[in-house]
Amino acid sequence: MHQTIPYATTTVPGGAAVAGGSGEPNGVDPANVIRMVSENAVMVIGRRGCCMCHVVQRLLQGLGVNPPVYEVDEGDEAVVTSELSRKIVSFGGDGGGTVQFPAVFVGGKWFGGLERVMATHISGELVPILKDAGALWL
C-alpha cells in the first residue's frame, strides 16, 4: 500500500507561505491569510485537495501567472471564510456575499471564484486584468 506524505508549510518565490494549515495547534492565522492576499498580485485560496482550486491554478499558470495557493484544512474553513467575508469590502468587493472556495484575489482585491475567472477568461478580459495587477508583463 502507498503511504501519504505529511503536508508541510513551504515558501514559494516572493516569500508567500503556502500551507494546508499553519502547523499551530489551533489551525490557521486569518491575519496571515489577509497579509498574503495584500502582498501578492494574484492569490488563490482553496480547500486542500479541491479540484476546482487546481483548475483555477492551472488556468492561471497557462496564462503565465504562477499564483501562490493557500490551501485551507477542512477544520479551518469557517474561520478563513468568515474573516475573508468580513474583509471583502477592504479588498474592493461589494461586501454583499460570502467568500467561497476557490477564492481568487487579484491586485489585493477579491476577484471572485471559479465562475468569474472562467467567464473573464472566455470573454478575453482576464489577461488585461492580470496585466493591470502586475501579474503579467507581456
# chains A, B, ... in the order shown; residues from 1 in each chain; ligands from 1
$ residues_around --residues "A:Arg47" --least-positions-apart "3" --cutoff "10 Å" --atoms "only C-alpha atoms" --output "compact mmCIF listing (two decimals) with N, CA and C atoms, in the first residue's frame"
# COMPACT_ATOMS: atom_id res chain seq x y z
N GLY A 20 -1.29 24.16 4.29
CA GLY A 20 -2.54 23.45 4.48
C GLY A 20 -2.88 23.53 5.95
N CYS A 50 -8.93 20.38 -3.33
CA CYS A 50 -10.09 20.81 -4.12
C CYS A 50 -9.72 20.83 -5.60
N CYS A 51 -10.46 20.10 -6.41
CA CYS A 51 -10.16 20.03 -7.85
C CYS A 51 -10.42 21.37 -8.54
N MET A 52 -11.39 22.14 -8.09
CA MET A 52 -11.68 23.42 -8.72
C MET A 52 -10.56 24.43 -8.44
N CYS A 53 -9.95 24.33 -7.28
CA CYS A 53 -8.79 25.17 -6.96
C CYS A 53 -7.64 24.82 -7.92
N HIS A 54 -7.48 23.55 -8.19
CA HIS A 54 -6.45 23.10 -9.12
C HIS A 54 -6.75 23.61 -10.53
N VAL A 69 -0.92 29.43 -3.86
CA VAL A 69 -2.21 28.85 -3.49
C VAL A 69 -2.16 28.54 -2.00
N TYR A 70 -3.09 29.10 -1.27
CA TYR A 70 -3.20 28.81 0.16
C TYR A 70 -4.27 27.76 0.33
N GLU A 71 -3.87 26.60 0.79
CA GLU A 71 -4.82 25.51 0.98
C GLU A 71 -5.27 25.48 2.43
N VAL A 72 -6.57 25.48 2.62
CA VAL A 72 -7.16 25.54 3.95
C VAL A 72 -7.64 24.15 4.34
N ASP A 73 -7.30 23.73 5.53
CA ASP A 73 -7.79 22.46 6.04
C ASP A 73 -9.29 22.54 6.30
N GLU A 74 -9.93 21.41 6.28
CA GLU A 74 -11.38 21.36 6.47
C GLU A 74 -11.82 22.00 7.78
N ASP A 76 -10.48 24.44 9.32
CA ASP A 76 -10.21 25.88 9.35
C ASP A 76 -11.04 26.67 8.36
N GLU A 77 -11.88 26.00 7.58
CA GLU A 77 -12.66 26.66 6.53
C GLU A 77 -13.53 27.78 7.08
N GLN A 100 -16.43 31.99 -1.18
CA GLN A 100 -16.47 30.55 -1.34
C GLN A 100 -15.19 30.11 -2.00
N PHE A 101 -14.79 28.88 -1.78
CA PHE A 101 -13.54 28.37 -2.34
C PHE A 101 -13.77 27.75 -3.69
N PRO A 102 -12.87 27.90 -4.64
CA PRO A 102 -11.65 28.69 -4.54
C PRO A 102 -11.95 30.18 -4.63
N ALA A 103 -11.25 30.95 -3.82
CA ALA A 103 -11.38 32.40 -3.82
C ALA A 103 -10.14 32.98 -4.48
$ residues_around --residues "A:Val56" --least-positions-apart "6" --cutoff "8 Å" --atoms "only C-alpha atoms" --output "VMD selection string"
chain A and resid 44 102 114 117
$ atom_distance --atom1 "atom CA of A:Ala135" --atom2 "atom CA of A:Ala41"
5.4 Å
$ closest_residue --among "A:Val80, A:Leu59, A:Ala31, A:Val37" --to "A:Trp110" --atoms "only C-alpha atoms"
A:Val37
$ atom_distance --atom1 "atom CA of A:Leu60" --atom2 "atom CA of A:Asn32"
22.9 Å
$ select_by_dssp --residues "stretch 30-94 of chain A" --states "strand (DSSP E or B)" --output "PyMOL selection string"
chain A and resi 42-47+69-72
$ residues_around --residues "A:Arg116" --least-positions-apart "2" --cutoff "12 Å" --atoms "only C-alpha atoms" --output "PyMOL selection string"
chain A and resi 56+100+102-106+110-114+118-123+125-126
$ write_last_selection --atoms "N, CA and C atoms" --output "PDB file, in the first residue's frame"
ATOM      1  N   VAL A  56      -8.352  26.393 -11.392  1.00  0.00           N
ATOM      2  CA  VAL A  56      -8.034  27.822 -11.422  1.00  0.00           C
ATOM      3  C   VAL A  56      -6.528  28.024 -11.489  1.00  0.00           C
ATOM      4  N   GLN A 100     -16.433  31.989  -1.176  1.00  0.00           N
ATOM      5  CA  GLN A 100     -16.474  30.545  -1.343  1.00  0.00           C
ATOM      6  C   GLN A 100     -15.186  30.110  -2.001  1.00  0.00           C
ATOM      7  N   PRO A 102     -12.868  27.897  -4.636  1.00  0.00           N
ATOM      8  CA  PRO A 102     -11.647  28.690  -4.539  1.00  0.00           C
ATOM      9  C   PRO A 102     -11.952  30.185  -4.633  1.00  0.00           C
ATOM     10  N   ALA A 103     -11.251  30.949  -3.816  1.00  0.00           N
ATOM     11  CA  ALA A 103     -11.377  32.405  -3.817  1.00  0.00           C
ATOM     12  C   ALA A 103     -10.137  32.980  -4.479  1.00  0.00           C
ATOM     13  N   VAL A 104     -10.332  33.802  -5.498  1.00  0.00           N
ATOM     14  CA  VAL A 104      -9.230  34.380  -6.245  1.00  0.00           C
ATOM     15  C   VAL A 104      -9.161  35.872  -5.948  1.00  0.00           C
ATOM     16  N   PHE A 105      -7.971  36.321  -5.596  1.00  0.00           N
ATOM     17  CA  PHE A 105      -7.723  37.724  -5.314  1.00  0.00           C
ATOM     18  C   PHE A 105      -6.716  38.228  -6.330  1.00  0.00           C
ATOM     19  N   VAL A 106      -7.025  39.341  -6.985  1.00  0.00           N
ATOM     20  CA  VAL A 106      -6.152  39.920  -7.998  1.00  0.00           C
ATOM     21  C   VAL A 106      -5.863  41.357  -7.601  1.00  0.00           C
ATOM     22  N   TRP A 110     -10.634  41.226  -3.986  1.00  0.00           N
ATOM     23  CA  TRP A 110     -11.368  40.000  -4.253  1.00  0.00           C
ATOM     24  C   TRP A 110     -11.869  40.026  -5.680  1.00  0.00           C
ATOM     25  N   PHE A 111     -11.487  39.022  -6.449  1.00  0.00           N
ATOM     26  CA  PHE A 111     -11.880  38.948  -7.855  1.00  0.00           C
ATOM     27  C   PHE A 111     -13.113  38.077  -8.016  1.00  0.00           C
ATOM     28  N   GLY A 112     -13.149  36.969  -7.327  1.00  0.00           N
ATOM     29  CA  GLY A 112     -14.286  36.056  -7.422  1.00  0.00           C
ATOM     30  C   GLY A 112     -13.833  34.622  -7.330  1.00  0.00           C
ATOM     31  N   GLY A 113     -14.701  33.743  -7.766  1.00  0.00           N
ATOM     32  CA  GLY A 113     -14.406  32.318  -7.719  1.00  0.00           C
ATOM     33  C   GLY A 113     -14.170  31.760  -9.105  1.00  0.00           C
ATOM     34  N   LEU A 114     -14.352  30.470  -9.228  1.00  0.00           N
ATOM     35  CA  LEU A 114     -14.105  29.767 -10.474  1.00  0.00           C
ATOM     36  C   LEU A 114     -14.948  30.323 -11.619  1.00  0.00           C
ATOM     37  N   MET A 118     -13.355  31.924 -15.034  1.00  0.00           N
ATOM     38  CA  MET A 118     -13.619  31.295 -16.335  1.00  0.00           C
ATOM     39  C   MET A 118     -14.359  32.253 -17.272  1.00  0.00           C
ATOM     40  N   ALA A 119     -15.337  32.995 -16.768  1.00  0.00           N
ATOM     41  CA  ALA A 119     -16.106  33.911 -17.609  1.00  0.00           C
ATOM     42  C   ALA A 119     -15.220  35.023 -18.161  1.00  0.00           C
ATOM     43  N   THR A 120     -14.356  35.593 -17.328  1.00  0.00           N
ATOM     44  CA  THR A 120     -13.482  36.657 -17.818  1.00  0.00           C
ATOM     45  C   THR A 120     -12.421  36.106 -18.757  1.00  0.00           C
ATOM     46  N   HIS A 121     -12.002  34.875 -18.555  1.00  0.00           N
ATOM     47  CA  HIS A 121     -11.044  34.253 -19.473  1.00  0.00           C
ATOM     48  C   HIS A 121     -11.690  34.027 -20.841  1.00  0.00           C
ATOM     49  N   ILE A 122     -12.888  33.494 -20.851  1.00  0.00           N
ATOM     50  CA  ILE A 122     -13.583  33.213 -22.113  1.00  0.00           C
ATOM     51  C   ILE A 122     -13.881  34.509 -22.873  1.00  0.00           C
ATOM     52  N   SER A 123     -14.222  35.570 -22.148  1.00  0.00           N
ATOM     53  CA  SER A 123     -14.536  36.837 -22.808  1.00  0.00           C
ATOM     54  C   SER A 123     -13.286  37.604 -23.230  1.00  0.00           C
ATOM     55  N   GLU A 125     -11.172  39.113 -21.154  1.00  0.00           N
ATOM     56  CA  GLU A 125     -10.903  40.212 -20.236  1.00  0.00           C
ATOM     57  C   GLU A 125      -9.894  39.865 -19.149  1.00  0.00           C
ATOM     58  N   LEU A 126      -9.581  38.587 -18.972  1.00  0.00           N
ATOM     59  CA  LEU A 126      -8.731  38.179 -17.849  1.00  0.00           C
ATOM     60  C   LEU A 126      -7.289  38.637 -18.015  1.00  0.00           C
TER      61      LEU A 126
END
$ closest_residue --among "A:Val33, A:Val65, A:Ile45, A:Val55" --to "A:Lys131" --atoms "only C-alpha atoms"
A:Val65
$ atom_distance --atom1 "atom CA of A:Leu84" --atom2 "atom CA of A:Gly49"
20.0 Å
